[in-house]
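A short worksheet on the structure shown next.
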Protein chains: 2
Amino acid sequence: MFILFSALGVVLVAQHLYFYCHVDNKRSSVVSVDEEPWSPPEILVAVDLVILTLRASAFHVLLIKRGIEPFAGCEALPGGFLNNAGEDILAAALRELREEADLDGTRLHIEQLGAYGAPGRDPRGRVLSIAYLAVAPGLPQPVAGTDASSAEWRPVGHVLSGKVNLAFDHRQIVEDAVERARTKLEHTPLATAFCGEKFTIAELMRVYEAVWDVELDLRNFYRKVQSVPNFIEPVGTDRRPAKGRPARVFRAGSAVTLHPPLVRPESSTGTGEKR
Amino acid sequence: MFILFSALGVVLVAQHLYFYCHVDNKRSSVVSVDEEPWSPPEILVAVDLVILTLRASAFHVLLIKRGIEPFAGCEALPGGFLNNAGEDILAAALRELREEADLDGTRLHIEQLGAYGAPGRDPRGRVLSIAYLAVAPGLPQPVAGTDASSAEWRPVGHVLSGKVNLAFDHRQIVEDAVERARTKLEHTPLATAFCGEKFTIAELMRVYEAVWDVELDLRNFYRKVQSVPNFIEPVGTDRRPAKGRPARVFRAGSAVTLHPPLVRPESSTGTGEKR
DNA sequence: CAAATAGTGTCTGTTAGACACTATGGC
DNA sequence: GCCATAGTGTCTAACAGACACTATTTG
């Protein structure tokens with residue numbers, strides 16, 4: 001009697017929790033959803049890229065003007081669907097990076113930002129988009145694009161101000177990417193990815209200033225940045241086209257995290273309340 | 001057992017081969033993919049959950065014993081496929097959280113960790129998995145599981161030591177989740193999610209000690225934690241079952257980021273050198 | 001009272017930030 | 001020489017970490 005009631009209880013609970021197949025599943029007492037003889041939906045998968053860079057010491061993101069519906073006329077992140085069912089998502093991101101921005105992803109910082117999959121985010125149907133964050137050193141041309149591209153660098157501040165019409169949920173994605181970059185600047189050497197292979201400390205500081213949107217004291221930055229083990233290392237000698245005294249040149253060191261971190265000034269995050 | 005290990009090895013090898021085959025692709029389209037008259041592949045989408053908690057002041061993760069192939073006998077993260085093409089991925093994560101751990105996601109911290117989509121990560125076919133990180137306060141029972149569940153809390157240190165056989169790429173996912181949690185402890189109030197609604201400062205410190213795997217000085221922790229604006233706020237009065245002097249009770253404050261951050265001691269992150 | 005946990009005070013060495021000052025280039 | 005940028009020295013207030021000491025409970 002007791003056992004009967006128990007079993008009944010289990011079934012009822014299971015049904016309530018959508019384990020409809022539980023009763024049929026006699027194979028084992030171990031249940032997980034993968035085992036159910038029910039066929040899950042197949043969904044379109046895309047990748048989107050948030051490519052960040054510094055141009056003239058200002059923080060920019062690459063956007064593309066859409067020519068067709070949906071969101072024709074809006075700007076959007078570069079991206080596209082997976083090529084085939086066997087293509088790795090990172091590989092797809094690297095492919096798009098080359099196709100739409102003519103950038104070589106193997107020489108860039110690129111990391112996954114996250115998956116955006118709200119139903120209805122794409123009016124054409126269910127599309128799950130994996131967003132990637134790429135950081136490129138400042139480049140001379142607008143975009144050495146492959147196509148007669150409508151790709152353009154846009155100031156991040158302007159894009160986030162809401163004055164730019166972004167397609168899909170791309171504004172949210174850009175926001176998340178910028179916040180990720182701002183945070184990673186604090187305790188990873190991500191800032192070096194905005195510079196070329198070699199850079200001066202002043203250039204590095206301009207990255208922090210642009211991304212965090214703050215002003216820093218170069219003289220204190222000097223010591224701070226050089227006191228973090230393996231953050232940057234001096235590379236040979238000076239010699240730089242400059243107007244003043246030539247600066248020492250550095251390259252990224254071996255550190256993957258910064259100890260101690262470079263903490264960004266309070267103003268930037270804007271979280272705290274009273275004080 | 002031997003057979004199991006062999007099969008696993010084959011799968012892993014196959015995974016690598018598959019990956020390399022698809023890294024270099026030959027498509028070189030000019031226009032954005034959305035505009036092409038070509039039909040992108042549809043892919044299975046799953047969610048996986050890394051549920052972290054403290055049990056007896058030790059850091060634990062919830063794992064499930066798999067009863068069937070692939071990876072029968074291995075432990076795995078709770079998770080499952082999307083229910084239908086219209087289900088939001090976060091909703092699916094919350095549903096799995098309830099189904100497999102009987103936890104109410106609306107009262108928990110839950111955030112997306114990322115997408116895991118290497119071709120071959122699931123031997124049954126192409127499956128893209130969106131991993132979520134959930135943090136639960138310590139719970140009395142092993143798991144108030146819904147089914148006659150094989151879900152069990154495992155010490156994180158033991159799981160990451162490599163002695164536990166995890167299915168698919170779940171070991172990587174757990175590693176990423178733990179690193180995410182460790183980092184977020186530094187500059188978000190995530191630690192409070194490991195505690196109940198109300199907690200003492202000593203309890204909060206035990207979260208930091210367990211997750212970071214360090215020892216802290218409670219007396220210094222006191223001042224440190226109370227000096228961060230809006231991190232925690234005193235809630236009414238004392239009264240706690242205790243052996244010594246009753247502690248003051250706090251709850252999470254309004255801060256979403258900690259200024260200044262609680263920087264974890266160097267030892268925890270590793271050397272700071274590249275691997 | 002002792003044991004146990006909670007919480008404060010205080011000292012010391014290090015650090016962040018401000019900024020005076022020196023260095024090295026082009027003109 | 002002047003201007004511009006690079007880089008160092010130094011002072012001060014704040015802070016982290018160590019730890020002696022006080023406080024409040026139970027038994």
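In the structure tokens, chains take letters A, B, ... by order of appearance, with residues numbered from 1 within each chain and ligands from 1 in the order shown.
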- Message: Distance limit 8 Å, atoms considered: only C-alpha atoms (C1' of nucleotides). Which chain A residues sit that close to chain C? Return them as number ranges by chain.
- Response: A: 220, 243-246
Could you write out the selected residues, including all heavy atoms, as an mmCIF file, in the first residue's frame?
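Listed below is the output, selection39.cif:
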data_model
loop_
_atom_site.group_PDB
_atom_site.id
_atom_site.type_symbol
_atom_site.label_atom_id
_atom_site.label_comp_id
_atom_site.auth_asym_id
_atom_site.auth_seq_id
_atom_site.Cartn_x
_atom_site.Cartn_y
_atom_site.Cartn_z
ATOM 1 N N ASN A 220 51.288 58.426 -12.876
ATOM 2 C CA ASN A 220 50.957 57.339 -11.964
ATOM 3 C C ASN A 220 50.707 56.034 -12.719
ATOM 4 O O ASN A 220 51.033 54.948 -12.243
ATOM 5 C CB ASN A 220 49.742 57.710 -11.122
ATOM 6 C CG ASN A 220 50.052 58.832 -10.143
ATOM 7 O OD1 ASN A 220 51.178 58.956 -9.675
ATOM 8 N ND2 ASN A 220 49.053 59.654 -9.856
ATOM 9 N N LYS A 243 56.631 63.855 -31.389
ATOM 10 C CA LYS A 243 56.915 65.280 -31.346
ATOM 11 C C LYS A 243 57.799 65.621 -30.161
ATOM 12 O O LYS A 243 58.525 66.595 -30.189
ATOM 13 C CB LYS A 243 55.610 66.084 -31.300
ATOM 14 C CG LYS A 243 55.429 66.933 -32.561
ATOM 15 C CD LYS A 243 54.599 68.149 -32.289
ATOM 16 C CE LYS A 243 53.130 67.771 -32.183
ATOM 17 N NZ LYS A 243 52.252 68.905 -32.505
ATOM 18 N N GLY A 244 57.728 64.840 -29.127
ATOM 19 C CA GLY A 244 58.563 65.110 -27.966
ATOM 20 C C GLY A 244 59.651 64.071 -27.819
ATOM 21 O O GLY A 244 60.141 63.520 -28.812
ATOM 22 N N ARG A 245 59.950 63.768 -26.608
ATOM 23 C CA ARG A 245 60.969 62.751 -26.330
ATOM 24 C C ARG A 245 60.463 61.377 -26.755
ATOM 25 O O ARG A 245 59.316 61.025 -26.475
ATOM 26 C CB ARG A 245 61.242 62.768 -24.824
ATOM 27 C CG ARG A 245 62.025 61.596 -24.319
ATOM 28 C CD ARG A 245 62.279 61.781 -22.843
ATOM 29 N NE ARG A 245 62.855 60.603 -22.224
ATOM 30 C CZ ARG A 245 63.156 60.520 -20.937
ATOM 31 N NH1 ARG A 245 62.931 61.568 -20.139
ATOM 32 N NH2 ARG A 245 63.682 59.437 -20.439
ATOM 33 N N PRO A 246 61.265 60.570 -27.416
ATOM 34 C CA PRO A 246 60.828 59.234 -27.832
ATOM 35 C C PRO A 246 60.511 58.373 -26.618
ATOM 36 O O PRO A 246 61.208 58.441 -25.606
ATOM 37 C CB PRO A 246 62.048 58.682 -28.581
ATOM 38 C CG PRO A 246 62.876 59.858 -28.907
ATOM 39 C CD PRO A 246 62.633 60.874 -27.840
#
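Selecting chain A residues within 12 Å of chain D and counting only C-alpha atoms (C1' of nucleotides) yields A:Thr200, A:Ile201, A:Ala202, A:Leu218, A:Arg219, A:Asn220, A:Phe221, A:Tyr222, A:Arg223, A:Asp238, A:Arg240, A:Pro241, A:Ala242, A:Lys243, A:Gly244, A:Arg245, A:Pro246, A:Ala247, A:Arg248, A:Val249.
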| Residue with smallest distance to chain B - pool A:His259, A:Lys198, A:Lys163, A:Lys224, counting only C-alpha atoms |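 Comparing A:His259, A:Lys198, A:Lys163, A:Lys224 against chain B, the winner is A:His259.
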_d(CA of Gly86 (chain B), CA of Ser39 (chain A)) in Å_ =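 CA of Ser39 (chain A) lies at a distance of 14.4 Å from CA of Gly86 (chain B).
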Pairwise distance, CA of Leu166 (chain A) with CA of Asp88 (chain B), equals 21.7 Å
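Residue nearest Leu63 (chain B), chosen from B:Val50, B:Ala210, B:Ile110, B:Ala134 and counting only C-alpha atoms: B:Val50.
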Based on DSSP run over this structure's backbone, return all residues of region 98-174 of chain A in strand (DSSP E or B), as a VMD selection string.
chain A and resid 109 to 116 127 to 135 151 to 155 166
All helix (DSSP H, G or I) residues (DSSP, backbone) inside region 131-245 of chain B, as a tab-separated table (two decimals) with N, CA and C atoms, in the first residue's frame:
chain	number	residue	atom	x	y	z
B	156	VAL	N	33.49	20.52	-5.43
B	156	VAL	CA	34.05	21.10	-6.65
B	156	VAL	C	35.52	20.71	-6.81
B	157	GLY	N	36.27	20.75	-5.72
B	157	GLY	CA	37.69	20.41	-5.81
B	157	GLY	C	37.90	19.00	-6.34
B	158	HIS	N	37.05	18.10	-5.91
B	158	HIS	CA	37.17	16.73	-6.35
B	158	HIS	C	36.83	16.59	-7.82
B	159	VAL	N	35.79	17.29	-8.25
B	159	VAL	CA	35.37	17.23	-9.64
B	159	VAL	C	36.45	17.80	-10.56
B	160	LEU	N	37.03	18.91	-10.15
B	160	LEU	CA	38.02	19.55	-11.02
B	160	LEU	C	39.37	18.85	-10.96
B	170	HIS	N	31.56	18.48	-20.24
B	170	HIS	CA	31.04	19.07	-19.02
B	170	HIS	C	32.13	19.45	-18.02
B	171	ARG	N	33.28	18.81	-18.11
B	171	ARG	CA	34.35	19.20	-17.21
B	171	ARG	C	34.80	20.64	-17.54
B	172	GLN	N	34.92	20.91	-18.81
B	172	GLN	CA	35.29	22.26	-19.23
B	172	GLN	C	34.25	23.27	-18.77
B	173	ILE	N	33.00	22.90	-18.89
B	173	ILE	CA	31.93	23.81	-18.51
B	173	ILE	C	31.99	24.10	-17.01
B	174	VAL	N	32.22	23.05	-16.22
B	174	VAL	CA	32.33	23.27	-14.78
B	174	VAL	C	33.52	24.16	-14.47
B	175	GLU	N	34.63	23.91	-15.13
B	175	GLU	CA	35.81	24.76	-14.92
B	175	GLU	C	35.50	26.22	-15.21
B	176	ASP	N	34.86	26.46	-16.33
B	176	ASP	CA	34.52	27.83	-16.70
B	176	ASP	C	33.57	28.45	-15.68
B	177	ALA	N	32.62	27.65	-15.22
B	177	ALA	CA	31.65	28.17	-14.26
B	177	ALA	C	32.33	28.54	-12.95
B	178	VAL	N	33.23	27.69	-12.50
B	178	VAL	CA	33.91	27.96	-11.24
B	178	VAL	C	34.78	29.21	-11.37
B	179	GLU	N	35.46	29.31	-12.48
B	179	GLU	CA	36.29	30.51	-12.67
B	179	GLU	C	35.42	31.77	-12.71
B	180	ARG	N	34.28	31.65	-13.38
B	180	ARG	CA	33.35	32.79	-13.42
B	180	ARG	C	32.90	33.17	-12.02
B	181	ALA	N	32.54	32.17	-11.23
B	181	ALA	CA	32.08	32.44	-9.87
B	181	ALA	C	33.20	33.08	-9.05
B	182	ARG	N	34.39	32.56	-9.17
B	182	ARG	CA	35.51	33.11	-8.40
B	182	ARG	C	35.75	34.56	-8.74
B	183	THR	N	35.68	34.87	-10.01
B	183	THR	CA	35.93	36.25	-10.43
B	183	THR	C	34.79	37.16	-9.98
B	184	LYS	N	33.56	36.69	-10.14
B	184	LYS	CA	32.43	37.55	-9.80
B	184	LYS	C	32.34	37.81	-8.31
B	185	LEU	N	32.89	36.91	-7.52
B	185	LEU	CA	32.92	37.16	-6.08
B	185	LEU	C	33.70	38.43	-5.76
B	186	GLU	N	34.66	38.74	-6.62
B	186	GLU	CA	35.52	39.89	-6.34
B	186	GLU	C	34.80	41.22	-6.48
B	187	HIS	N	33.99	41.34	-7.51
B	187	HIS	CA	33.42	42.67	-7.73
B	187	HIS	C	31.92	42.68	-7.98
B	191	ALA	N	28.46	36.54	-3.73
B	191	ALA	CA	28.61	35.72	-2.52
B	191	ALA	C	27.30	35.64	-1.74
B	192	THR	N	26.53	36.72	-1.77
B	192	THR	CA	25.29	36.70	-1.00
B	192	THR	C	24.30	35.67	-1.54
B	193	ALA	N	24.46	35.29	-2.81
B	193	ALA	CA	23.56	34.29	-3.39
B	193	ALA	C	23.82	32.91	-2.81
B	194	PHE	N	25.00	32.70	-2.25
B	194	PHE	CA	25.31	31.42	-1.61
B	194	PHE	C	24.68	31.34	-0.22
B	201	ILE	N	28.07	37.91	8.93
B	201	ILE	CA	29.30	38.21	8.19
B	201	ILE	C	30.22	37.00	8.18
B	202	ALA	N	30.20	36.23	9.24
B	202	ALA	CA	31.03	35.02	9.26
B	202	ALA	C	30.59	34.04	8.18
B	203	GLU	N	29.28	33.91	8.00
B	203	GLU	CA	28.78	33.03	6.95
B	203	GLU	C	29.23	33.51	5.58
B	204	LEU	N	29.14	34.81	5.40
B	204	LEU	CA	29.56	35.37	4.11
B	204	LEU	C	31.04	35.10	3.87
B	205	MET	N	31.83	35.22	4.93
B	205	MET	CA	33.26	34.98	4.75
B	205	MET	C	33.53	33.53	4.39
B	206	ARG	N	32.73	32.63	4.95
B	206	ARG	CA	32.95	31.22	4.62
B	206	ARG	C	32.69	30.95	3.15
B	207	VAL	N	31.80	31.74	2.53
B	207	VAL	CA	31.59	31.61	1.09
B	207	VAL	C	32.88	31.95	0.35
B	208	TYR	N	33.46	33.07	0.70
B	208	TYR	CA	34.70	33.47	0.04
B	208	TYR	C	35.80	32.44	0.25
B	209	GLU	N	35.88	31.95	1.46
B	209	GLU	CA	36.93	30.98	1.74
B	209	GLU	C	36.75	29.69	0.94
B	210	ALA	N	35.50	29.24	0.85
B	210	ALA	CA	35.23	27.97	0.16
B	210	ALA	C	35.43	28.12	-1.35
B	211	VAL	N	34.91	29.20	-1.91
B	211	VAL	CA	34.97	29.34	-3.37
B	211	VAL	C	36.38	29.68	-3.82
B	212	TRP	N	37.04	30.53	-3.07
B	212	TRP	CA	38.41	30.90	-3.45
B	212	TRP	C	39.43	29.89	-2.97
B	218	LEU	N	38.77	36.87	9.76
B	218	LEU	CA	37.40	37.33	9.96
B	218	LEU	C	37.36	38.79	10.43
B	219	ARG	N	38.33	39.15	11.25
B	219	ARG	CA	38.27	40.50	11.82
B	219	ARG	C	38.51	41.57	10.76
B	220	ASN	N	39.44	41.29	9.87
B	220	ASN	CA	39.66	42.25	8.79
B	220	ASN	C	38.51	42.20	7.78
B	221	PHE	N	37.97	40.99	7.57
B	221	PHE	CA	36.86	40.83	6.65
B	221	PHE	C	35.67	41.68	7.08
B	222	TYR	N	35.45	41.71	8.39
B	222	TYR	CA	34.40	42.56	8.94
B	222	TYR	C	34.39	43.96	8.39
B	223	ARG	N	35.53	44.62	8.64
B	223	ARG	CA	35.58	46.01	8.22
B	223	ARG	C	35.54	46.15	6.72
B	224	LYS	N	36.30	45.29	6.06
B	224	LYS	CA	36.37	45.35	4.60
B	224	LYS	C	34.97	45.31	3.99
B	225	VAL	N	34.21	44.32	4.38
B	225	VAL	CA	32.93	44.07	3.75
B	225	VAL	C	31.92	45.18	4.10
B	226	GLN	N	32.07	45.71	5.30
B	226	GLN	CA	31.13	46.76	5.68
B	226	GLN	C	31.52	48.12	5.10
B	227	SER	N	32.73	48.21	4.60
B	227	SER	CA	33.16	49.49	4.04
B	227	SER	C	32.75	49.62	2.57
Which residues, written as a VMD selection string, have at least one atom at most 9 Å from Ala92 (chain B), with only C-alpha atoms (C1' of nucleotides) counted and residues fewer than 2 positions away on the same chain left out? chain B and resid 46 to 47 79 to 83 87 to 90 94 to 97
